[in-house]
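Raw data-v4.cif, mmCIF, N, CA and C atoms:
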data_final
loop_
_atom_site.label_atom_id
_atom_site.label_comp_id
_atom_site.auth_asym_id
_atom_site.auth_seq_id
_atom_site.Cartn_x
_atom_site.Cartn_y
_atom_site.Cartn_z
N THR C 989 -15.10 -8.09 11.52
CA THR C 989 -16.34 -7.31 11.60
C THR C 989 -16.11 -5.84 11.33
N ASP C 990 -14.85 -5.43 11.25
CA ASP C 990 -14.55 -4.03 10.96
C ASP C 990 -14.90 -3.70 9.52
N THR C 991 -15.27 -2.46 9.27
CA THR C 991 -15.49 -2.00 7.91
C THR C 991 -14.12 -1.79 7.27
N PRO C 992 -13.87 -2.46 6.13
CA PRO C 992 -12.54 -2.33 5.52
C PRO C 992 -12.33 -0.97 4.89
N HIS C 993 -11.08 -0.61 4.74
CA HIS C 993 -10.70 0.60 4.01
C HIS C 993 -11.33 0.52 2.63
N PRO C 994 -11.73 1.64 2.03
CA PRO C 994 -12.35 1.61 0.69
C PRO C 994 -11.51 0.88 -0.36
N ALA C 995 -10.20 1.00 -0.30
CA ALA C 995 -9.35 0.31 -1.28
C ALA C 995 -9.45 -1.21 -1.10
N VAL C 996 -9.52 -1.65 0.14
CA VAL C 996 -9.65 -3.09 0.42
C VAL C 996 -11.03 -3.57 -0.04
N ALA C 997 -12.05 -2.80 0.23
CA ALA C 997 -13.41 -3.17 -0.20
C ALA C 997 -13.46 -3.27 -1.73
N GLU C 998 -12.80 -2.35 -2.42
CA GLU C 998 -12.79 -2.37 -3.89
C GLU C 998 -12.03 -3.60 -4.40
N LEU C 999 -10.89 -3.91 -3.80
CA LEU C 999 -10.13 -5.09 -4.19
C LEU C 999 -10.97 -6.35 -3.99
N ARG C 1000 -11.61 -6.46 -2.86
CA ARG C 1000 -12.46 -7.63 -2.59
C ARG C 1000 -13.58 -7.75 -3.62
N GLU C 1001 -14.20 -6.64 -3.97
CA GLU C 1001 -15.29 -6.67 -4.94
C GLU C 1001 -14.79 -7.06 -6.32
N ARG C 1002 -13.66 -6.52 -6.72
CA ARG C 1002 -13.10 -6.86 -8.04
C ARG C 1002 -12.74 -8.35 -8.10
N LEU C 1003 -12.17 -8.87 -7.04
CA LEU C 1003 -11.84 -10.29 -6.99
C LEU C 1003 -13.11 -11.14 -7.01
N LYS C 1004 -14.11 -10.70 -6.30
CA LYS C 1004 -15.38 -11.43 -6.26
C LYS C 1004 -15.99 -11.52 -7.65
N GLN C 1005 -15.91 -10.46 -8.43
CA GLN C 1005 -16.50 -10.41 -9.76
C GLN C 1005 -15.65 -11.10 -10.82
N ALA C 1006 -14.38 -11.31 -10.56
CA ALA C 1006 -13.47 -11.88 -11.56
C ALA C 1006 -13.73 -13.37 -11.76
N ASP C 1007 -13.66 -13.80 -13.02
CA ASP C 1007 -13.78 -15.22 -13.34
C ASP C 1007 -12.48 -15.96 -13.03
N GLY C 1008 -11.36 -15.25 -13.12
CA GLY C 1008 -10.05 -15.80 -12.84
C GLY C 1008 -9.12 -14.65 -12.49
N VAL C 1009 -7.97 -14.98 -11.93
CA VAL C 1009 -7.03 -13.95 -11.47
C VAL C 1009 -5.62 -14.33 -11.91
N ILE C 1010 -4.89 -13.34 -12.39
CA ILE C 1010 -3.46 -13.50 -12.70
C ILE C 1010 -2.69 -12.66 -11.69
N ILE C 1011 -1.78 -13.31 -11.00
CA ILE C 1011 -0.89 -12.60 -10.09
C ILE C 1011 0.52 -12.73 -10.67
N CYS C 1012 1.08 -11.62 -11.06
CA CYS C 1012 2.43 -11.58 -11.61
C CYS C 1012 3.26 -10.68 -10.72
N THR C 1013 4.37 -11.20 -10.24
CA THR C 1013 5.16 -10.44 -9.28
C THR C 1013 6.65 -10.60 -9.52
N PRO C 1014 7.40 -9.58 -9.22
CA PRO C 1014 8.85 -9.77 -9.16
C PRO C 1014 9.19 -10.44 -7.83
N GLU C 1015 10.37 -10.99 -7.76
CA GLU C 1015 10.85 -11.48 -6.48
C GLU C 1015 11.57 -10.32 -5.81
N TYR C 1016 11.29 -10.10 -4.54
CA TYR C 1016 11.92 -9.00 -3.81
C TYR C 1016 12.46 -9.54 -2.50
N ALA C 1017 13.75 -9.39 -2.28
CA ALA C 1017 14.39 -9.85 -1.05
C ALA C 1017 14.06 -11.32 -0.77
N ALA C 1018 14.14 -12.13 -1.81
CA ALA C 1018 13.90 -13.58 -1.72
C ALA C 1018 12.46 -13.91 -1.32
N GLY C 1019 11.53 -13.07 -1.72
CA GLY C 1019 10.12 -13.35 -1.42
C GLY C 1019 9.19 -12.45 -2.22
N VAL C 1020 7.98 -12.37 -1.75
CA VAL C 1020 6.94 -11.55 -2.38
C VAL C 1020 7.09 -10.12 -1.87
N PRO C 1021 6.96 -9.11 -2.73
CA PRO C 1021 7.00 -7.74 -2.24
C PRO C 1021 5.95 -7.53 -1.14
N GLY C 1022 6.31 -6.72 -0.17
CA GLY C 1022 5.43 -6.49 0.98
C GLY C 1022 4.06 -5.98 0.60
N SER C 1023 3.98 -5.13 -0.41
CA SER C 1023 2.68 -4.57 -0.80
C SER C 1023 1.74 -5.67 -1.32
N LEU C 1024 2.27 -6.63 -2.07
CA LEU C 1024 1.43 -7.74 -2.55
C LEU C 1024 1.02 -8.63 -1.39
N LYS C 1025 1.96 -8.93 -0.52
CA LYS C 1025 1.64 -9.78 0.65
C LYS C 1025 0.58 -9.11 1.51
N ASN C 1026 0.69 -7.80 1.71
CA ASN C 1026 -0.32 -7.09 2.50
C ASN C 1026 -1.68 -7.15 1.83
N ALA C 1027 -1.71 -6.98 0.50
CA ALA C 1027 -2.99 -7.05 -0.22
C ALA C 1027 -3.62 -8.43 -0.05
N LEU C 1028 -2.81 -9.47 -0.15
CA LEU C 1028 -3.34 -10.82 0.04
C LEU C 1028 -3.81 -11.04 1.47
N ASP C 1029 -3.09 -10.48 2.42
CA ASP C 1029 -3.48 -10.63 3.83
C ASP C 1029 -4.86 -10.02 4.09
N TRP C 1030 -5.22 -8.96 3.36
CA TRP C 1030 -6.54 -8.36 3.52
C TRP C 1030 -7.65 -9.25 2.97
N ILE C 1031 -7.29 -10.24 2.16
CA ILE C 1031 -8.27 -11.11 1.52
C ILE C 1031 -8.41 -12.45 2.24
N VAL C 1032 -7.48 -12.78 3.09
CA VAL C 1032 -7.45 -14.10 3.73
C VAL C 1032 -8.80 -14.48 4.33
N SER C 1033 -9.39 -13.62 5.10
CA SER C 1033 -10.61 -13.99 5.82
C SER C 1033 -11.90 -13.74 5.06
N SER C 1034 -11.82 -13.08 3.90
CA SER C 1034 -13.07 -12.73 3.22
C SER C 1034 -13.47 -13.72 2.12
N GLY C 1035 -12.57 -14.59 1.70
CA GLY C 1035 -12.93 -15.72 0.85
C GLY C 1035 -13.03 -15.49 -0.65
N GLU C 1036 -12.58 -14.36 -1.16
CA GLU C 1036 -12.73 -14.11 -2.60
C GLU C 1036 -11.92 -15.06 -3.48
N PHE C 1037 -10.86 -15.64 -2.95
CA PHE C 1037 -10.05 -16.56 -3.74
C PHE C 1037 -10.55 -18.00 -3.69
N MET C 1038 -11.51 -18.29 -2.84
CA MET C 1038 -11.97 -19.65 -2.67
C MET C 1038 -12.47 -20.23 -4.00
N ASP C 1039 -11.80 -21.29 -4.45
CA ASP C 1039 -12.12 -22.00 -5.69
C ASP C 1039 -12.02 -21.13 -6.94
N LYS C 1040 -11.36 -19.99 -6.85
CA LYS C 1040 -11.17 -19.10 -8.00
C LYS C 1040 -9.94 -19.56 -8.78
N PRO C 1041 -10.07 -19.76 -10.11
CA PRO C 1041 -8.89 -20.11 -10.90
C PRO C 1041 -7.86 -18.97 -10.87
N VAL C 1042 -6.62 -19.32 -10.56
CA VAL C 1042 -5.56 -18.33 -10.40
C VAL C 1042 -4.32 -18.78 -11.16
N SER C 1043 -3.69 -17.82 -11.81
CA SER C 1043 -2.40 -18.01 -12.45
C SER C 1043 -1.36 -17.27 -11.62
N VAL C 1044 -0.22 -17.91 -11.39
CA VAL C 1044 0.87 -17.30 -10.64
C VAL C 1044 2.09 -17.21 -11.55
N ILE C 1045 2.61 -15.99 -11.68
CA ILE C 1045 3.80 -15.76 -12.49
C ILE C 1045 4.78 -14.95 -11.64
N SER C 1046 6.01 -15.42 -11.57
CA SER C 1046 7.05 -14.65 -10.89
C SER C 1046 8.19 -14.43 -11.86
N ALA C 1047 8.89 -13.34 -11.67
CA ALA C 1047 10.00 -12.99 -12.54
C ALA C 1047 11.14 -12.43 -11.72
N SER C 1048 12.34 -12.70 -12.20
CA SER C 1048 13.51 -12.22 -11.49
C SER C 1048 14.68 -12.10 -12.46
N PRO C 1049 15.60 -11.20 -12.19
CA PRO C 1049 16.80 -11.14 -13.02
C PRO C 1049 17.74 -12.32 -12.76
N ASN C 1050 17.50 -13.07 -11.71
CA ASN C 1050 18.39 -14.20 -11.43
C ASN C 1050 17.94 -15.45 -12.20
N PRO C 1051 18.80 -16.44 -12.30
CA PRO C 1051 18.49 -17.63 -13.10
C PRO C 1051 17.37 -18.52 -12.54
N LEU C 1052 16.94 -18.29 -11.31
CA LEU C 1052 15.89 -19.12 -10.72
C LEU C 1052 14.49 -18.58 -10.98
N GLY C 1053 14.39 -17.41 -11.57
CA GLY C 1053 13.09 -16.90 -12.01
C GLY C 1053 12.14 -16.51 -10.91
N GLY C 1054 12.65 -16.14 -9.77
CA GLY C 1054 11.75 -15.75 -8.69
C GLY C 1054 11.09 -16.94 -8.02
N ASP C 1055 11.81 -18.04 -7.94
CA ASP C 1055 11.23 -19.27 -7.40
C ASP C 1055 10.77 -19.13 -5.95
N LYS C 1056 11.43 -18.28 -5.18
CA LYS C 1056 11.03 -18.11 -3.78
C LYS C 1056 9.73 -17.31 -3.69
N ALA C 1057 9.58 -16.28 -4.50
CA ALA C 1057 8.32 -15.53 -4.54
C ALA C 1057 7.20 -16.44 -5.02
N TYR C 1058 7.49 -17.24 -6.04
CA TYR C 1058 6.52 -18.19 -6.59
C TYR C 1058 6.04 -19.16 -5.51
N ALA C 1059 7.00 -19.77 -4.81
CA ALA C 1059 6.65 -20.73 -3.75
C ALA C 1059 5.86 -20.06 -2.64
N SER C 1060 6.25 -18.86 -2.27
CA SER C 1060 5.54 -18.14 -1.22
C SER C 1060 4.09 -17.84 -1.62
N LEU C 1061 3.91 -17.41 -2.88
CA LEU C 1061 2.54 -17.16 -3.35
C LEU C 1061 1.71 -18.43 -3.35
N LEU C 1062 2.30 -19.54 -3.78
CA LEU C 1062 1.56 -20.80 -3.79
C LEU C 1062 1.10 -21.18 -2.39
N LEU C 1063 1.98 -21.02 -1.40
CA LEU C 1063 1.60 -21.33 -0.02
C LEU C 1063 0.41 -20.47 0.43
N THR C 1064 0.50 -19.19 0.17
CA THR C 1064 -0.57 -18.27 0.60
C THR C 1064 -1.87 -18.57 -0.13
N LEU C 1065 -1.82 -18.73 -1.44
CA LEU C 1065 -3.03 -18.96 -2.21
C LEU C 1065 -3.66 -20.32 -1.90
N ASN C 1066 -2.84 -21.33 -1.68
CA ASN C 1066 -3.40 -22.63 -1.30
C ASN C 1066 -4.09 -22.56 0.05
N MET C 1067 -3.52 -21.80 0.98
CA MET C 1067 -4.15 -21.63 2.28
C MET C 1067 -5.50 -20.92 2.14
N MET C 1068 -5.60 -20.06 1.11
CA MET C 1068 -6.83 -19.30 0.87
C MET C 1068 -7.82 -20.08 0.00
N SER C 1069 -7.50 -21.34 -0.31
CA SER C 1069 -8.34 -22.23 -1.12
C SER C 1069 -8.53 -21.75 -2.55
N ALA C 1070 -7.54 -21.03 -3.07
CA ALA C 1070 -7.57 -20.65 -4.48
C ALA C 1070 -7.32 -21.90 -5.31
N LYS C 1071 -7.84 -21.90 -6.51
CA LYS C 1071 -7.60 -23.00 -7.46
C LYS C 1071 -6.43 -22.58 -8.35
N VAL C 1072 -5.21 -22.80 -7.88
CA VAL C 1072 -4.02 -22.43 -8.65
C VAL C 1072 -3.92 -23.42 -9.82
N VAL C 1073 -4.00 -22.89 -11.02
CA VAL C 1073 -3.99 -23.72 -12.22
C VAL C 1073 -2.54 -24.02 -12.58
N GLU C 1074 -2.15 -25.28 -12.45
CA GLU C 1074 -0.75 -25.67 -12.61
C GLU C 1074 -0.18 -25.25 -13.96
N ASN C 1075 -0.86 -25.52 -15.04
CA ASN C 1075 -0.35 -25.17 -16.37
C ASN C 1075 -0.50 -23.69 -16.67
N ALA C 1076 -1.09 -22.95 -15.76
CA ALA C 1076 -1.27 -21.50 -15.96
C ALA C 1076 -0.36 -20.72 -15.03
N SER C 1077 0.74 -21.33 -14.65
CA SER C 1077 1.66 -20.67 -13.75
C SER C 1077 3.08 -20.90 -14.24
N MET C 1078 3.95 -19.92 -13.97
CA MET C 1078 5.33 -20.03 -14.45
C MET C 1078 6.25 -19.09 -13.71
N THR C 1079 7.54 -19.39 -13.81
CA THR C 1079 8.57 -18.45 -13.37
C THR C 1079 9.31 -17.97 -14.61
N VAL C 1080 9.81 -16.75 -14.53
CA VAL C 1080 10.55 -16.16 -15.66
C VAL C 1080 11.94 -15.78 -15.16
N PRO C 1081 12.92 -16.63 -15.46
CA PRO C 1081 14.29 -16.29 -15.06
C PRO C 1081 14.91 -15.28 -16.00
N MET C 1082 15.91 -14.57 -15.52
CA MET C 1082 16.68 -13.63 -16.34
C MET C 1082 15.78 -12.62 -17.06
N ILE C 1083 14.79 -12.11 -16.35
CA ILE C 1083 13.78 -11.24 -16.96
C ILE C 1083 14.39 -10.00 -17.61
N THR C 1084 15.47 -9.50 -17.06
CA THR C 1084 16.04 -8.25 -17.58
C THR C 1084 16.55 -8.38 -19.01
N ILE C 1085 16.91 -9.57 -19.44
CA ILE C 1085 17.37 -9.74 -20.82
C ILE C 1085 16.24 -10.16 -21.76
N LYS C 1086 15.03 -10.28 -21.22
CA LYS C 1086 13.88 -10.71 -22.01
C LYS C 1086 12.91 -9.58 -22.30
N LEU C 1087 13.25 -8.37 -21.83
CA LEU C 1087 12.41 -7.20 -22.03
C LEU C 1087 13.22 -6.10 -22.68
N ASN C 1088 12.54 -5.26 -23.47
CA ASN C 1088 13.24 -4.08 -24.00
C ASN C 1088 13.05 -2.90 -23.04
N ALA C 1089 13.56 -1.75 -23.40
CA ALA C 1089 13.51 -0.57 -22.53
C ALA C 1089 12.08 -0.14 -22.22
N ALA C 1090 11.14 -0.47 -23.10
CA ALA C 1090 9.73 -0.12 -22.89
C ALA C 1090 8.99 -1.17 -22.07
N GLY C 1091 9.70 -2.24 -21.65
CA GLY C 1091 9.08 -3.28 -20.85
C GLY C 1091 8.34 -4.33 -21.68
N GLU C 1092 8.57 -4.33 -22.98
CA GLU C 1092 7.92 -5.30 -23.86
C GLU C 1092 8.76 -6.56 -23.95
N ILE C 1093 8.08 -7.70 -24.05
CA ILE C 1093 8.78 -8.98 -24.14
C ILE C 1093 9.46 -9.10 -25.49
N THR C 1094 10.75 -9.40 -25.47
CA THR C 1094 11.51 -9.58 -26.70
C THR C 1094 11.93 -11.03 -26.92
N ASP C 1095 11.74 -11.86 -25.93
CA ASP C 1095 12.12 -13.26 -25.99
C ASP C 1095 10.94 -14.10 -26.47
N ALA C 1096 11.08 -14.75 -27.62
CA ALA C 1096 9.97 -15.51 -28.22
C ALA C 1096 9.51 -16.66 -27.33
N ALA C 1097 10.43 -17.36 -26.69
CA ALA C 1097 10.05 -18.48 -25.83
C ALA C 1097 9.22 -18.00 -24.63
N THR C 1098 9.59 -16.88 -24.05
CA THR C 1098 8.83 -16.32 -22.93
C THR C 1098 7.45 -15.89 -23.39
N SER C 1099 7.39 -15.26 -24.53
CA SER C 1099 6.11 -14.84 -25.10
C SER C 1099 5.21 -16.04 -25.34
N ASP C 1100 5.75 -17.10 -25.92
CA ASP C 1100 4.98 -18.33 -26.16
C ASP C 1100 4.50 -18.95 -24.85
N SER C 1101 5.37 -18.98 -23.85
CA SER C 1101 5.00 -19.54 -22.55
C SER C 1101 3.88 -18.75 -21.90
N LEU C 1102 3.96 -17.43 -21.98
CA LEU C 1102 2.90 -16.58 -21.41
C LEU C 1102 1.57 -16.81 -22.14
N ARG C 1103 1.62 -16.99 -23.45
CA ARG C 1103 0.41 -17.29 -24.22
C ARG C 1103 -0.19 -18.61 -23.73
N ASP C 1104 0.65 -19.61 -23.51
CA ASP C 1104 0.18 -20.90 -23.01
C ASP C 1104 -0.44 -20.76 -21.62
N VAL C 1105 0.18 -19.94 -20.78
CA VAL C 1105 -0.34 -19.69 -19.43
C VAL C 1105 -1.75 -19.09 -19.51
N LEU C 1106 -1.91 -18.09 -20.36
CA LEU C 1106 -3.22 -17.44 -20.50
C LEU C 1106 -4.27 -18.41 -21.04
N GLN C 1107 -3.88 -19.24 -21.99
CA GLN C 1107 -4.83 -20.22 -22.52
C GLN C 1107 -5.22 -21.25 -21.47
N ALA C 1108 -4.26 -21.68 -20.66
CA ALA C 1108 -4.56 -22.64 -19.60
C ALA C 1108 -5.49 -22.04 -18.54
N LEU C 1109 -5.25 -20.77 -18.19
CA LEU C 1109 -6.13 -20.12 -17.23
C LEU C 1109 -7.54 -19.97 -17.81
N ALA C 1110 -7.62 -19.55 -19.05
CA ALA C 1110 -8.93 -19.40 -19.69
C ALA C 1110 -9.66 -20.74 -19.72
N GLY C 1111 -8.92 -21.82 -19.98
CA GLY C 1111 -9.52 -23.15 -20.02
C GLY C 1111 -9.99 -23.64 -18.66
N ALA C 1112 -9.45 -23.08 -17.59
CA ALA C 1112 -9.83 -23.49 -16.23
C ALA C 1112 -11.04 -22.73 -15.69
N ILE C 1113 -11.46 -21.71 -16.44
CA ILE C 1113 -12.60 -20.91 -16.00
C ILE C 1113 -13.88 -21.59 -16.48
N PRO C 1114 -14.77 -21.90 -15.56
CA PRO C 1114 -16.02 -22.57 -15.95
C PRO C 1114 -16.88 -21.67 -16.83
N ASP C 1115 -17.62 -22.30 -17.74
CA ASP C 1115 -18.52 -21.54 -18.62
C ASP C 1115 -19.69 -20.95 -17.87
#

Could you render the structure from this file as structure tokens?
Amino acid sequence: TDTPHPAVAELRERLKQADGVIICTPEYAAGVPGSLKNALDWIVSSGEFMDKPVSVISASPNPLGGDKAYASLLLTLNMMSAKVVENASMTVPMITIKLNAAGEITDAATSDSLRDVLQALAGAIPD
């Protein structure tokens, strides 16, 4: 019943208006960065993710591709009744060798996979 902080109110409104959501995160300390987890915690009770098509992408310099952050996000989003689109989600292992100094993707397979993820998410959004 409390009035949320303006930043929280803005996040909730943007999520409410979105047809779909992409959450892309690095893995930090074998999980989701605290700032992302806190942002999601502000949304738990307000329902903006309910039945919303969501893509989850995690990336890590390790060979597992941020699998722990990925799994953690799936648990949180499923609890929030988000519609996590299976074919619109991925992990990106060894991210540091797949980007150039400007942060652009240099790995063709990763680029193709991300394109597939975006197409799958777009396909999950109702007309």

Kindly list the centre and edge lengths in Å, rounded to one decimal, for the axis-aligned box that covers all listed atoms of stretch 1075-1078 of chain C plus 4 Å on each of its six sides, as JSON.
{"center_x": 2.5, "center_y": -22.3, "center_z": -15.2, "size_x": 15.5, "size_y": 14.4, "size_z": 11.0}

When the PyMOL selection byres ((chain C and resi 1046) around 5) is applied to the file above, which residues end up in the set, as an MDAnalysis selection string? chainID C and resid 1013 1044:1045 1047:1048 1053:1054 1078:1080

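Using the PyMOL selection byres (((chain C and resi 1082 and name CA) around 6) and name CA) on the file at hand returns these residues: Ser1048, Pro1049, Asn1050, Pro1051, Pro1081, Ile1083, Thr1084 and Ile1085 of chain C.
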
Under the PyMOL selection byres ((chain C and resi 1072) around 7), which residues of this model are included? Write them out as an MDAnalysis selection string. chainID C and resid 1040:1044 1065:1066 1069:1071 1073:1076

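For the set C:Ile1113, C:Ala997, C:Val1020, C:Val1105, the residue with the smallest atom-to-atom gap to C:Ala1059 is C:Val1020, counting only C-alpha atoms.
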
Enumerate as number ranges by chain all residues of chain C assigned to alpha helix (DSSP H) by DSSP on the backbone, naming them with the chain letters and numbers the document uses. C: 994-1005, 1022-1029, 1055-1067, 1096-1112

Just to confirm, what's the straight-line distance from atom CA of C:Pro1021 to atom N of C:Ser1077 in Å (one decimal)? 19.4 Å

Please return, as a PyMOL selection string, all residues of chain C that DSSP assigns to strand (DSSP E) on the basis of the backbone. chain C and resi 1009-1014+1041-1047+1071-1072+1078-1080

Using only C-alpha atoms, determine which residues lie at most 10 Å from C:Glu1036, disregarding the query and same-chain residues fewer than 2 positions distant; provide the list as a ChimeraX atom specification. /C:999-1006,1031-1034,1038-1040,1068-1070

Pick from C:Leu1102, C:Lys1056, C:Ala1112, C:Phe1037: nearest to C:Tyr1016, with all atoms listed in the file counted? C:Lys1056
